[in-house]
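**Student:** Provided herewith is a single structure, encoded as C-alpha cells, for subsequent inquiry.
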Amino acid sequence: MADQGLEIAGRKFSSRLIIGTGKYKTYAENAQAAEAAGVEMITVAVRRVNLTDRDKPMLVDYLDPEKYVYLPNTAGCFTAEDAIRTLRLAREAGGWDLVKLEVLSDQKTLYPEMEETLRAAKLLIEEGFQVMVYCSDDPVYARKLEDAGCCAIMPLGSLIGSGLGIINPVNIRLIVEQSNVPVIVDAGVGVASDAAIAMELGCDGVLMNTAIAEAKDPIMMASAMKHAVIAGRQSYLAGRMPKKRYADPSSPLAGLI
C-alpha cells in the first residue's frame, strides 16, 4: 500500500506536513525550518506577516511563493465578517484562492466558533474560495462543513499553541471514517509522537506552528516532525497488529527441543 501523497482541491503534495509562519525569531529561521521539515505548503497569517512593505523584511524573500504553496489564514478573526474580509484582501494581494478559515470564539482558548465558521465557509465558497477549515473535533459539524463544500476538514488536536497533543482520538477517528475530503489535524501538536499518533489515526496530514517555532532547536524539531509524519502514515497503511488481553509468544511453541 504505497502512499500516493496528499491531494487538496486538485493540488497534489508529497509531504503531509504543513507548517506555519508565526512565532519564529526571524524569517530566516522560518525558512530553515520549512526546509528541514520538507514541507510544500505553509500557512500565512495575513494580518501578522509582512507581504507588501518593501522597507521591512518580507516573508516572500525567505520563503519563495514559487517553491511553497502559500495558505492564507484568518488567525485572530472572531467573526465571519472579519474572516471573509481578511481573505478577500489576501486574494487581492496574492491571488490566493486556497485558504484556511478559522473563526475563533474567545481569546483565552482560541476554540473555534462553529456557527460563525460554518456561516463564513458557505459565504467564501460562494465567492469561489477553496476552503480548508479549522474546526472543533465534532463529527457532526465536520460533516456539515464538508457538505457545505470545504475541501479539507481540520479538527483541532487540542487548543492552539497548547502542546497537549491529541486529546480526543476517538472523535478524530470518527471524523476520518466519515470524511470524503482530507482530514488534517490542526493545533495542539507538541512533540513528534503527537504527529505520529494523528497519522496513525488515519489523518491525511498534520498542521503545526508552535511545536516547531518554540522548540529549543526549531530546525531539529522540524526534521523530527517530518519523520514522525512519514512514520505515522506508514504505520497506518501497514495496519497495526490486534490488541490482545494476554501474551502471545513471538516464537512458536511447537517443535521445542
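Starting from 1 in every chain, residues are counted up; chains themselves are A, B, ... following the order of the C-alpha cells, and ligands are numbered from 1 as listed.
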Excluding range 163-173 of chain A and residues on its chain fewer than 4 positions from it, collect all residues at most 12 Å away from it, counting only C-alpha atoms, and give them as a PyMOL selection string.

**Tutor:** chain A and resi 135-142+153-159+177-179+183-204+206+208-215

**Student:** Please provide the set of residues having any atom within 12 Å of Thr74 in chain A, restricted to only C-alpha atoms, with same-chain residues fewer than 2 positions apart removed, written as an MDAnalysis selection string.

**Tutor:** chainID A and resid 43:49 71:72 76:90 99:104 112 117 120:121 131:134

**Student:** Can you list, as a list in words, every protein, DNA or RNA residue that comes within 12 Å of Gln4 in chain A when you count only C-alpha atoms, leaving out same-chain residues fewer than 5 positions away?

**Tutor:**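 The contact residues come out as Lys12, Phe13, Ser14, Ser15, Arg16, Asp204, Arg233, Gln234 and Leu237 of chain A.
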
**Student:** As a VMD selection string, please: every residue in range 87-187 of chain A that DSSP puts in alpha helix (DSSP H).

**Tutor:** chain A and resid 87 to 94 114 to 126 139 to 148 169 to 178

**Student:** Looking at A:Asn180, A:Ser162, A:Ser105, A:Asn73, which one is nearest to Glu146 in chain A, with distances taken over only C-alpha atoms?

**Tutor:**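 Of the candidates, the smallest distance to Glu146 in chain A is held by A:Asn180.
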
**Student:** By how many Å are CA of Arg245 in chain A and CA of Gly232 in chain A apart?

**Tutor:** 24.3 Å

**Student:** So, with only C-alpha atoms as the atoms that count, which of A:Val181, A:Ile230, A:Val39, A:Leu59 lies closest to Tyr24 in chain A?

**Tutor:**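 Checking each candidate against Tyr24 in chain A, we get A:Leu59 as the closest.
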
**Student:** Tell me which of A:Tyr62, A:Ile19, A:Asn30, A:Gly161 sits closest to Thr109 in chain A, counting only C-alpha atoms.

**Tutor:**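 Using only C-alpha atoms, Thr109 in chain A sits closest to A:Gly161.
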
**Student:** Hey, what does DSSP flag as strand (DSSP E or B) within range 34-238 of chain A? Can you give it to me as a ChimeraX atom specification?

**Tutor:** /A:41-45,69-73,98-101,104,112,130-135,152-155,183-186,205-208

**Student:** Could the residues in this selection be written to a file with N, CA, C and O atoms, as a compact mmCIF listing (two decimals), in the first residue's frame?

**Tutor:**
# COMPACT_ATOMS: atom_id res chain seq x y z
N MET A 41 3.71 23.27 1.69
CA MET A 41 2.67 24.26 1.97
C MET A 41 2.95 24.93 3.30
O MET A 41 3.33 24.26 4.27
N ILE A 42 2.77 26.25 3.35
CA ILE A 42 2.94 26.99 4.59
C ILE A 42 1.71 27.88 4.81
O ILE A 42 1.16 28.42 3.86
N THR A 43 1.29 27.98 6.06
CA THR A 43 0.19 28.89 6.37
C THR A 43 0.73 30.28 6.64
O THR A 43 1.82 30.44 7.20
N VAL A 44 -0.05 31.27 6.24
CA VAL A 44 0.36 32.66 6.40
C VAL A 44 -0.77 33.44 7.07
O VAL A 44 -1.86 33.55 6.51
N ALA A 45 -0.50 33.94 8.27
CA ALA A 45 -1.48 34.79 8.95
C ALA A 45 -1.42 36.17 8.29
O ALA A 45 -0.51 36.96 8.54
N VAL A 69 3.48 26.49 -1.53
CA VAL A 69 2.10 26.94 -1.66
C VAL A 69 1.76 27.75 -0.42
O VAL A 69 1.84 27.24 0.70
N TYR A 70 1.42 29.00 -0.61
CA TYR A 70 1.00 29.86 0.49
C TYR A 70 -0.47 29.59 0.80
O TYR A 70 -1.30 29.60 -0.09
N LEU A 71 -0.76 29.38 2.07
CA LEU A 71 -2.12 29.14 2.52
C LEU A 71 -2.51 30.27 3.47
O LEU A 71 -2.24 30.21 4.67
N PRO A 72 -3.12 31.35 2.97
CA PRO A 72 -3.53 32.45 3.83
C PRO A 72 -4.54 31.97 4.87
O PRO A 72 -5.45 31.20 4.53
N ASN A 73 -4.38 32.42 6.11
CA ASN A 73 -5.35 32.03 7.13
C ASN A 73 -5.90 33.26 7.84
O ASN A 73 -5.40 34.37 7.67
N LEU A 98 -6.97 29.26 -2.47
CA LEU A 98 -6.93 28.17 -1.50
C LEU A 98 -6.58 28.79 -0.17
O LEU A 98 -5.50 29.38 0.00
N VAL A 99 -7.49 28.68 0.81
CA VAL A 99 -7.32 29.42 2.06
C VAL A 99 -7.65 28.54 3.25
O VAL A 99 -8.34 27.52 3.13
N LYS A 100 -7.16 28.97 4.41
CA LYS A 100 -7.51 28.30 5.66
C LYS A 100 -8.38 29.24 6.49
O LYS A 100 -7.97 30.34 6.85
N LEU A 101 -9.58 28.78 6.77
CA LEU A 101 -10.54 29.56 7.54
C LEU A 101 -10.50 29.16 9.00
O LEU A 101 -10.57 27.97 9.32
N LEU A 104 -12.59 32.29 15.58
CA LEU A 104 -12.34 31.91 16.97
C LEU A 104 -13.44 32.43 17.89
O LEU A 104 -14.11 33.42 17.60
N PRO A 112 -12.58 27.15 18.16
CA PRO A 112 -13.37 27.60 17.01
C PRO A 112 -14.82 27.88 17.36
O PRO A 112 -15.45 27.11 18.09
N GLN A 130 -11.51 28.14 -2.19
CA GLN A 130 -11.37 26.73 -1.81
C GLN A 130 -10.97 26.74 -0.33
O GLN A 130 -9.87 27.18 0.01
N VAL A 131 -11.86 26.26 0.50
CA VAL A 131 -11.74 26.50 1.94
C VAL A 131 -11.29 25.25 2.70
O VAL A 131 -11.98 24.23 2.71
N MET A 132 -10.12 25.35 3.31
CA MET A 132 -9.68 24.39 4.32
C MET A 132 -10.07 24.99 5.66
O MET A 132 -9.79 26.16 5.93
N VAL A 133 -10.72 24.20 6.51
CA VAL A 133 -11.39 24.83 7.65
C VAL A 133 -10.96 24.24 8.99
O VAL A 133 -11.05 23.03 9.22
N TYR A 134 -10.49 25.11 9.88
CA TYR A 134 -10.18 24.76 11.26
C TYR A 134 -11.49 24.61 12.03
O TYR A 134 -12.36 25.48 11.96
N CYS A 135 -11.63 23.51 12.76
CA CYS A 135 -12.90 23.24 13.43
C CYS A 135 -12.69 22.46 14.71
O CYS A 135 -11.60 21.97 14.99
N ALA A 152 -11.06 20.62 2.79
CA ALA A 152 -10.32 19.88 3.81
C ALA A 152 -10.90 20.24 5.18
O ALA A 152 -11.23 21.39 5.44
N ILE A 153 -11.03 19.23 6.03
CA ILE A 153 -11.53 19.40 7.38
C ILE A 153 -10.33 19.34 8.32
O ILE A 153 -9.53 18.42 8.27
N MET A 154 -10.22 20.34 9.23
CA MET A 154 -9.04 20.46 10.07
C MET A 154 -9.40 20.52 11.55
O MET A 154 -9.40 21.59 12.17
N PRO A 155 -9.75 19.38 12.14
CA PRO A 155 -10.12 19.39 13.56
C PRO A 155 -8.90 19.62 14.44
O PRO A 155 -7.78 19.19 14.12
N VAL A 183 -8.56 15.02 5.94
CA VAL A 183 -8.68 15.42 7.34
C VAL A 183 -7.27 15.71 7.85
O VAL A 183 -6.40 14.83 7.79
N ILE A 184 -7.07 16.92 8.31
CA ILE A 184 -5.74 17.36 8.73
C ILE A 184 -5.83 17.88 10.16
O ILE A 184 -6.54 18.84 10.43
N VAL A 185 -5.14 17.23 11.08
CA VAL A 185 -5.14 17.70 12.46
C VAL A 185 -4.43 19.04 12.51
O VAL A 185 -3.33 19.22 11.99
N ASP A 186 -5.08 20.00 13.14
CA ASP A 186 -4.60 21.37 13.17
C ASP A 186 -4.66 21.88 14.61
O ASP A 186 -5.74 22.00 15.17
N GLY A 205 -3.01 14.46 7.08
CA GLY A 205 -1.90 15.36 7.29
C GLY A 205 -1.96 16.00 8.66
O GLY A 205 -2.91 15.79 9.43
N VAL A 206 -0.93 16.79 8.98
CA VAL A 206 -0.85 17.49 10.25
C VAL A 206 -0.35 18.91 9.98
O VAL A 206 0.59 19.11 9.19
N LEU A 207 -0.98 19.88 10.61
CA LEU A 207 -0.53 21.27 10.54
C LEU A 207 -0.06 21.70 11.91
O LEU A 207 -0.74 21.44 12.91
N MET A 208 1.09 22.35 11.96
CA MET A 208 1.62 22.80 13.25
C MET A 208 2.43 24.07 13.07
O MET A 208 2.93 24.36 11.98

**Student:** For CA of Met114 in chain A and CA of Glu7 in chain A, determine how far apart the two atoms are, in Å to one decimal place.

**Tutor:**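 Answer for the CA of Met114 in chain A to CA of Glu7 in chain A separation: 25.0 Å.
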
**Student:** Under the rule that only C-alpha atoms are counted, which of A:Ile125, A:Ala75, A:Ala222, A:Leu63 is the nearest residue to Leu145 in chain A?

**Tutor:**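 That would be A:Ile125, the residue with the smallest distance to Leu145 in chain A.
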